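Visitor: Next up is a structure, given as structure tokens.
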Amino acid sequence: MTTAEPAVHIVDDDAQFLAAVSRLLRANGFEVKTFASASDFLAQRNGDAPGCVLADVQMPGMNGLELQSALAQTPNPLPILFLTGHGDIPASVRAMRQGAEDFLEKRAPKADLLDAVKRALARDAREREERARRHELRARFDALTPREFEVLGHVVRGRLNKQIAGDLGIHERTVKLHRTAITTKLRVQSVAELTRLTEEAGLFAASEPTFPKGQ
């Protein structure tokens with residue numbers, strides 16, 4: 001995980017406003033990077049670096065909402081909050097539905113902007129920890145063999161060893177060996193822990209088990 005200082009990435013084609021907001025945020029202790037367009041930001045962005053995005057809604061080329069959609073497709077999307085020069089209810093509704101941290105007018109009180117930035121940075125730190133946790137969990141599951149993963153799918157569906165053996169056409173003793181290997185590799189001691197771990201990792205959402213990518 002990166003140890004870079006979280007930064008507020010300001011994206012706005014209005015150079016005067018860009019300078020004013022960056023001065024305000026720096027004066028309040030934030031690390032700031034500025035970009036004149038969404039395409040410039042995306043081209044220069046370090047995908048692993050923490051932070052948030054403060055973007056104008058209406059910009060030449062890629063607008064703020066399109067930038068939000070582009071960020072959502074990346075492995076480490078940054079929280080985004082919007083500033084607009086005029087009220088735009090449809091845009092604000094769309095932005096918030098797509099997960100924007102906030103939608104403020106450029107005339108909004110400075111305190112509101114600073115509070116929104118703090119919330120966005122806190123959200124990024126929280127979501128970054130969650131992604132790291134999921135990555136660590138998937139690494140554990142990737143250590144399972146295809147057969148162990150198959151047995152796991154039956155276990156978390158509540159099947160007994162005898163039933164699993166019958167379903168898979170193997171000996172019950174073999175099922176027990178697989179279960180021991182599964183609990184050892186996943187570092188759990190009970191079916192309840194196993195079930196919670198698979199849910200946390202986002203596995204077995206469907207009724208039938210599926211193999212993880214690459215297995």
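Each chain of the structure tokens is named A, B, ... in the order shown, its residues numbered from 1; ligands are numbered from 1 in display order.
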Extract, using only C-alpha atoms, all DNA, RNA and protein residues at most 8 Å from segment 9-23 of chain A, discarding same-chain residues fewer than 6 positions from it, and format them as a list in words.
Guide: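 Counting only the stated atoms, we get Val32, Lys33, Thr34, Phe35, Ala36, Ser37, Ala38, Phe41, Gly51, Cys52, Val53, Leu54, Ala55, Asp56, Met59 and Pro60 of chain A.
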Visitor: Please identify all polymer residues within 7 Å of segment 130-145 of chain A, counting only C-alpha atoms, omitting same-chain residues fewer than 6 positions from it, and present them as a PDB file with all heavy atoms, in the first residue's frame.
Guide:
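Result saved to around09.pdb:
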ATOM      1  N   ILE A 182      -8.672 -26.406   3.918  1.00  0.00           N
ATOM      2  CA  ILE A 182      -9.371 -25.139   3.708  1.00  0.00           C
ATOM      3  C   ILE A 182      -9.277 -24.255   4.950  1.00  0.00           C
ATOM      4  O   ILE A 182      -8.917 -23.072   4.871  1.00  0.00           O
ATOM      5  CB  ILE A 182     -10.852 -25.386   3.349  1.00  0.00           C
ATOM      6  CG1 ILE A 182     -10.955 -26.011   1.951  1.00  0.00           C
ATOM      7  CG2 ILE A 182     -11.655 -24.085   3.417  1.00  0.00           C
ATOM      8  CD1 ILE A 182     -12.331 -26.566   1.633  1.00  0.00           C
ATOM      9  N   LYS A 185      -5.629 -22.983   5.426  1.00  0.00           N
ATOM     10  CA  LYS A 185      -5.219 -21.939   4.487  1.00  0.00           C
ATOM     11  C   LYS A 185      -5.965 -20.621   4.717  1.00  0.00           C
ATOM     12  O   LYS A 185      -5.403 -19.536   4.528  1.00  0.00           O
ATOM     13  CB  LYS A 185      -5.434 -22.417   3.047  1.00  0.00           C
ATOM     14  CG  LYS A 185      -4.495 -23.530   2.615  1.00  0.00           C
ATOM     15  CD  LYS A 185      -4.780 -23.982   1.193  1.00  0.00           C
ATOM     16  CE  LYS A 185      -3.837 -25.088   0.749  1.00  0.00           C
ATOM     17  NZ  LYS A 185      -4.106 -25.548  -0.641  1.00  0.00           N
ATOM     18  N   LEU A 186      -7.225 -20.725   5.129  1.00  0.00           N
ATOM     19  CA  LEU A 186      -8.026 -19.521   5.328  1.00  0.00           C
ATOM     20  C   LEU A 186      -7.937 -18.995   6.761  1.00  0.00           C
ATOM     21  O   LEU A 186      -8.485 -17.932   7.067  1.00  0.00           O
ATOM     22  CB  LEU A 186      -9.489 -19.788   4.969  1.00  0.00           C
ATOM     23  CG  LEU A 186      -9.757 -20.168   3.512  1.00  0.00           C
ATOM     24  CD1 LEU A 186     -11.253 -20.322   3.270  1.00  0.00           C
ATOM     25  CD2 LEU A 186      -9.174 -19.132   2.561  1.00  0.00           C
ATOM     26  N   ALA A 201     -15.378 -11.658   1.398  1.00  0.00           N
ATOM     27  CA  ALA A 201     -14.586 -11.682   0.169  1.00  0.00           C
ATOM     28  C   ALA A 201     -15.463 -11.567  -1.076  1.00  0.00           C
ATOM     29  O   ALA A 201     -14.965 -11.460  -2.195  1.00  0.00           O
ATOM     30  CB  ALA A 201     -13.754 -12.956   0.098  1.00  0.00           C
TER      31      ALA A 201
END
Visitor: Name the residues in contact with segment 83-98 of chain A at a cut-off of 8 Å, using only C-alpha atoms, excluding same-chain residues fewer than 4 positions from it; report them as an mmCIF file with N, CA, C and O atoms, in the first residue's frame.
Guide:
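For reference, around27.cif as written:
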data_model
loop_
_atom_site.group_PDB
_atom_site.id
_atom_site.type_symbol
_atom_site.label_atom_id
_atom_site.label_comp_id
_atom_site.auth_asym_id
_atom_site.auth_seq_id
_atom_site.Cartn_x
_atom_site.Cartn_y
_atom_site.Cartn_z
ATOM 1 N N LEU A 54 -11.807 17.191 -6.313
ATOM 2 C CA LEU A 54 -12.721 18.327 -6.232
ATOM 3 C C LEU A 54 -12.856 18.865 -7.655
ATOM 4 O O LEU A 54 -11.906 19.429 -8.198
ATOM 5 N N ALA A 55 -13.996 18.654 -8.271
ATOM 6 C CA ALA A 55 -14.118 18.954 -9.698
ATOM 7 C C ALA A 55 -15.285 19.883 -10.012
ATOM 8 O O ALA A 55 -16.331 19.844 -9.357
ATOM 9 N N ASP A 56 -15.077 20.695 -11.045
ATOM 10 C CA ASP A 56 -16.163 21.488 -11.605
ATOM 11 C C ASP A 56 -17.075 20.535 -12.377
ATOM 12 O O ASP A 56 -16.644 19.479 -12.844
ATOM 13 N N VAL A 57 -18.329 20.905 -12.503
ATOM 14 C CA VAL A 57 -19.264 20.055 -13.253
ATOM 15 C C VAL A 57 -19.141 20.327 -14.746
ATOM 16 O O VAL A 57 -18.956 19.407 -15.556
ATOM 17 N N GLN A 58 -19.217 21.585 -15.123
ATOM 18 C CA GLN A 58 -19.172 21.956 -16.535
ATOM 19 C C GLN A 58 -17.747 22.337 -16.933
ATOM 20 O O GLN A 58 -17.210 23.335 -16.466
ATOM 21 N N LEU A 65 -19.141 14.967 -14.457
ATOM 22 C CA LEU A 65 -19.880 13.715 -14.315
ATOM 23 C C LEU A 65 -19.213 12.587 -15.110
ATOM 24 O O LEU A 65 -19.189 11.436 -14.666
ATOM 25 N N GLN A 68 -16.317 11.474 -13.093
ATOM 26 C CA GLN A 68 -16.783 10.601 -12.019
ATOM 27 C C GLN A 68 -16.969 9.166 -12.519
ATOM 28 O O GLN A 68 -16.549 8.210 -11.850
ATOM 29 N N ASP A 102 -20.192 15.085 -2.192
ATOM 30 C CA ASP A 102 -21.009 16.285 -1.992
ATOM 31 C C ASP A 102 -21.132 17.024 -3.312
ATOM 32 O O ASP A 102 -20.396 16.759 -4.267
ATOM 33 N N PHE A 103 -22.065 17.957 -3.365
ATOM 34 C CA PHE A 103 -22.313 18.762 -4.558
ATOM 35 C C PHE A 103 -22.590 20.177 -4.073
ATOM 36 O O PHE A 103 -23.656 20.458 -3.530
ATOM 37 N N LEU A 104 -21.612 21.064 -4.220
ATOM 38 C CA LEU A 104 -21.702 22.410 -3.671
ATOM 39 C C LEU A 104 -21.636 23.468 -4.765
ATOM 40 O O LEU A 104 -20.997 23.271 -5.802
ATOM 41 N N GLU A 105 -22.271 24.597 -4.511
ATOM 42 C CA GLU A 105 -22.099 25.738 -5.392
ATOM 43 C C GLU A 105 -20.775 26.410 -5.055
ATOM 44 O O GLU A 105 -20.308 26.366 -3.919
ATOM 45 N N LYS A 106 -20.173 27.051 -6.036
ATOM 46 C CA LYS A 106 -18.889 27.706 -5.816
ATOM 47 C C LYS A 106 -18.992 28.858 -4.819
ATOM 48 O O LYS A 106 -17.980 29.269 -4.249
ATOM 49 N N ARG A 107 -20.198 29.329 -4.591
ATOM 50 C CA ARG A 107 -20.400 30.402 -3.610
ATOM 51 C C ARG A 107 -20.667 29.855 -2.211
ATOM 52 O O ARG A 107 -20.925 30.623 -1.278
#
Visitor: Using only C-alpha atoms for the distances, tell me which of A:Val151, A:Leu71, A:Ala111, A:Leu121 is nearest to Glu5 of chain A.
Guide: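 Of A:Val151, A:Leu71, A:Ala111, A:Leu121, the one nearest Glu5 of chain A is A:Leu121, counting only C-alpha atoms.
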Visitor: Tell me, which residues of segment 2-213 of chain A carry DSSP strand (DSSP E or B), written as JSON, numbers by chain?
Guide: {"A": [7, 8, 9, 10, 11, 31, 32, 33, 34, 35, 51, 52, 53, 54, 55, 56, 80, 81, 82, 83, 84, 102, 103, 104, 105]}
Visitor: Save the residues we just selected, C-alpha atoms, as a tab-separated table (two decimals), in the first residue's frame?
Guide:
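What follows is the written file result_4.tsv:
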chain	number	residue	atom	x	y	z
A	7	ALA	CA	-3.92	15.01	-1.82
A	8	VAL	CA	-6.90	17.02	-2.94
A	9	HIS	CA	-6.92	16.98	-6.74
A	10	ILE	CA	-8.72	20.09	-7.97
A	11	VAL	CA	-9.99	19.89	-11.55
A	31	GLU	CA	-1.87	18.78	0.11
A	32	VAL	CA	-3.18	20.11	-3.21
A	33	LYS	CA	-2.66	19.30	-6.89
A	34	THR	CA	-4.35	21.29	-9.64
A	35	PHE	CA	-5.45	20.34	-13.15
A	51	GLY	CA	-6.77	11.55	-1.76
A	52	CYS	CA	-9.97	12.90	-3.27
A	53	VAL	CA	-11.11	14.89	-6.29
A	54	LEU	CA	-12.72	18.33	-6.23
A	55	ALA	CA	-14.12	18.95	-9.70
A	56	ASP	CA	-16.16	21.49	-11.61
A	80	ILE	CA	-15.24	12.97	-5.75
A	81	LEU	CA	-17.09	16.10	-4.73
A	82	PHE	CA	-18.38	18.75	-7.08
A	83	LEU	CA	-18.39	22.51	-7.23
A	84	THR	CA	-20.64	24.26	-9.70
A	102	ASP	CA	-21.01	16.29	-1.99
A	103	PHE	CA	-22.31	18.76	-4.56
A	104	LEU	CA	-21.70	22.41	-3.67
A	105	GLU	CA	-22.10	25.74	-5.39
Visitor: Looking at only C-alpha atoms, which of A:Gln163, A:Arg128, A:Ser39, A:Pro50 is the one that sits closest to Glu66 of chain A?
Guide: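 Of the candidates, the smallest distance to Glu66 of chain A is held by A:Ser39.
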Visitor: Running DSSP on the backbone, which parts of chain A land in helix (DSSP H, G or I), as number ranges by chain?
Guide: A: 15-27, 38-44, 64-72, 89-97, 110-142, 146-156, 161-168, 172-186, 191-200
Visitor: Which residue, A:Glu148, A:Glu172, A:Ala4, A:Pro79, has the smallest gap to Lys118 of chain A when you use only C-alpha atoms?
Guide: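 So, comparing all the options, the nearest one is A:Pro79.
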Visitor: For Thr195 of chain A, work out the shell of residues within 9 Å, counting only C-alpha atoms and skipping chain neighbours fewer than 6 positions away, then give it as a PyMOL selection string.
Guide: chain A and resi 155-157
Visitor: Export all heavy atoms of the chosen residues as a PDB file, in the first residue's frame?
Guide:
ATOM      1  N   VAL A 155     -19.607 -26.463   1.620  1.00  0.00           N
ATOM      2  CA  VAL A 155     -19.583 -26.257   3.068  1.00  0.00           C
ATOM      3  C   VAL A 155     -20.379 -25.020   3.461  1.00  0.00           C
ATOM      4  O   VAL A 155     -21.209 -25.057   4.379  1.00  0.00           O
ATOM      5  CB  VAL A 155     -18.132 -26.138   3.589  1.00  0.00           C
ATOM      6  CG1 VAL A 155     -18.132 -25.713   5.061  1.00  0.00           C
ATOM      7  CG2 VAL A 155     -17.397 -27.463   3.431  1.00  0.00           C
ATOM      8  N   VAL A 156     -20.160 -23.897   2.768  1.00  0.00           N
ATOM      9  CA  VAL A 156     -20.831 -22.657   3.148  1.00  0.00           C
ATOM     10  C   VAL A 156     -22.314 -22.694   2.788  1.00  0.00           C
ATOM     11  O   VAL A 156     -23.084 -21.856   3.264  1.00  0.00           O
ATOM     12  CB  VAL A 156     -20.163 -21.423   2.491  1.00  0.00           C
ATOM     13  CG1 VAL A 156     -18.736 -21.277   2.984  1.00  0.00           C
ATOM     14  CG2 VAL A 156     -20.214 -21.485   0.976  1.00  0.00           C
ATOM     15  N   ARG A 157     -22.730 -23.671   1.989  1.00  0.00           N
ATOM     16  CA  ARG A 157     -24.156 -23.872   1.705  1.00  0.00           C
ATOM     17  C   ARG A 157     -24.797 -24.818   2.708  1.00  0.00           C
ATOM     18  O   ARG A 157     -25.967 -25.175   2.585  1.00  0.00           O
ATOM     19  CB  ARG A 157     -24.332 -24.400   0.282  1.00  0.00           C
ATOM     20  CG  ARG A 157     -24.174 -23.321  -0.784  1.00  0.00           C
ATOM     21  CD  ARG A 157     -23.847 -23.889  -2.153  1.00  0.00           C
ATOM     22  NE  ARG A 157     -24.716 -24.979  -2.522  1.00  0.00           N
ATOM     23  CZ  ARG A 157     -24.394 -25.918  -3.403  1.00  0.00           C
ATOM     24  NH1 ARG A 157     -23.191 -25.885  -3.969  1.00  0.00           N
ATOM     25  NH2 ARG A 157     -25.231 -26.878  -3.709  1.00  0.00           N
TER      26      ARG A 157
END
Visitor: My list of candidates is A:Ala108, A:Pro146, A:Val191, A:Ala122. Which is closest to Arg159 of chain A when distances are computed with only C-alpha atoms?
Guide: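 Once distances to Arg159 of chain A are computed over only C-alpha atoms, the minimum belongs to A:Val191.
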Visitor: Can you tell me how far atom CA of Leu25 of chain A sits from atom CA of Gln44 of chain A, in Å to one decimal?
Guide: 20.6 Å
Visitor: What does the distance from atom CA of Leu152 of chain A to atom CA of Arg179 of chain A come to in Å, to one decimal?
Guide: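 According to the coordinates, atom CA of Leu152 of chain A and atom CA of Arg179 of chain A are separated by 7.5 Å.
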Visitor: Quick one: distance from atom CA of Asn46 of chain A to atom CA of Asn76 of chain A in Å, one decimal?
Guide: 10.0 Å
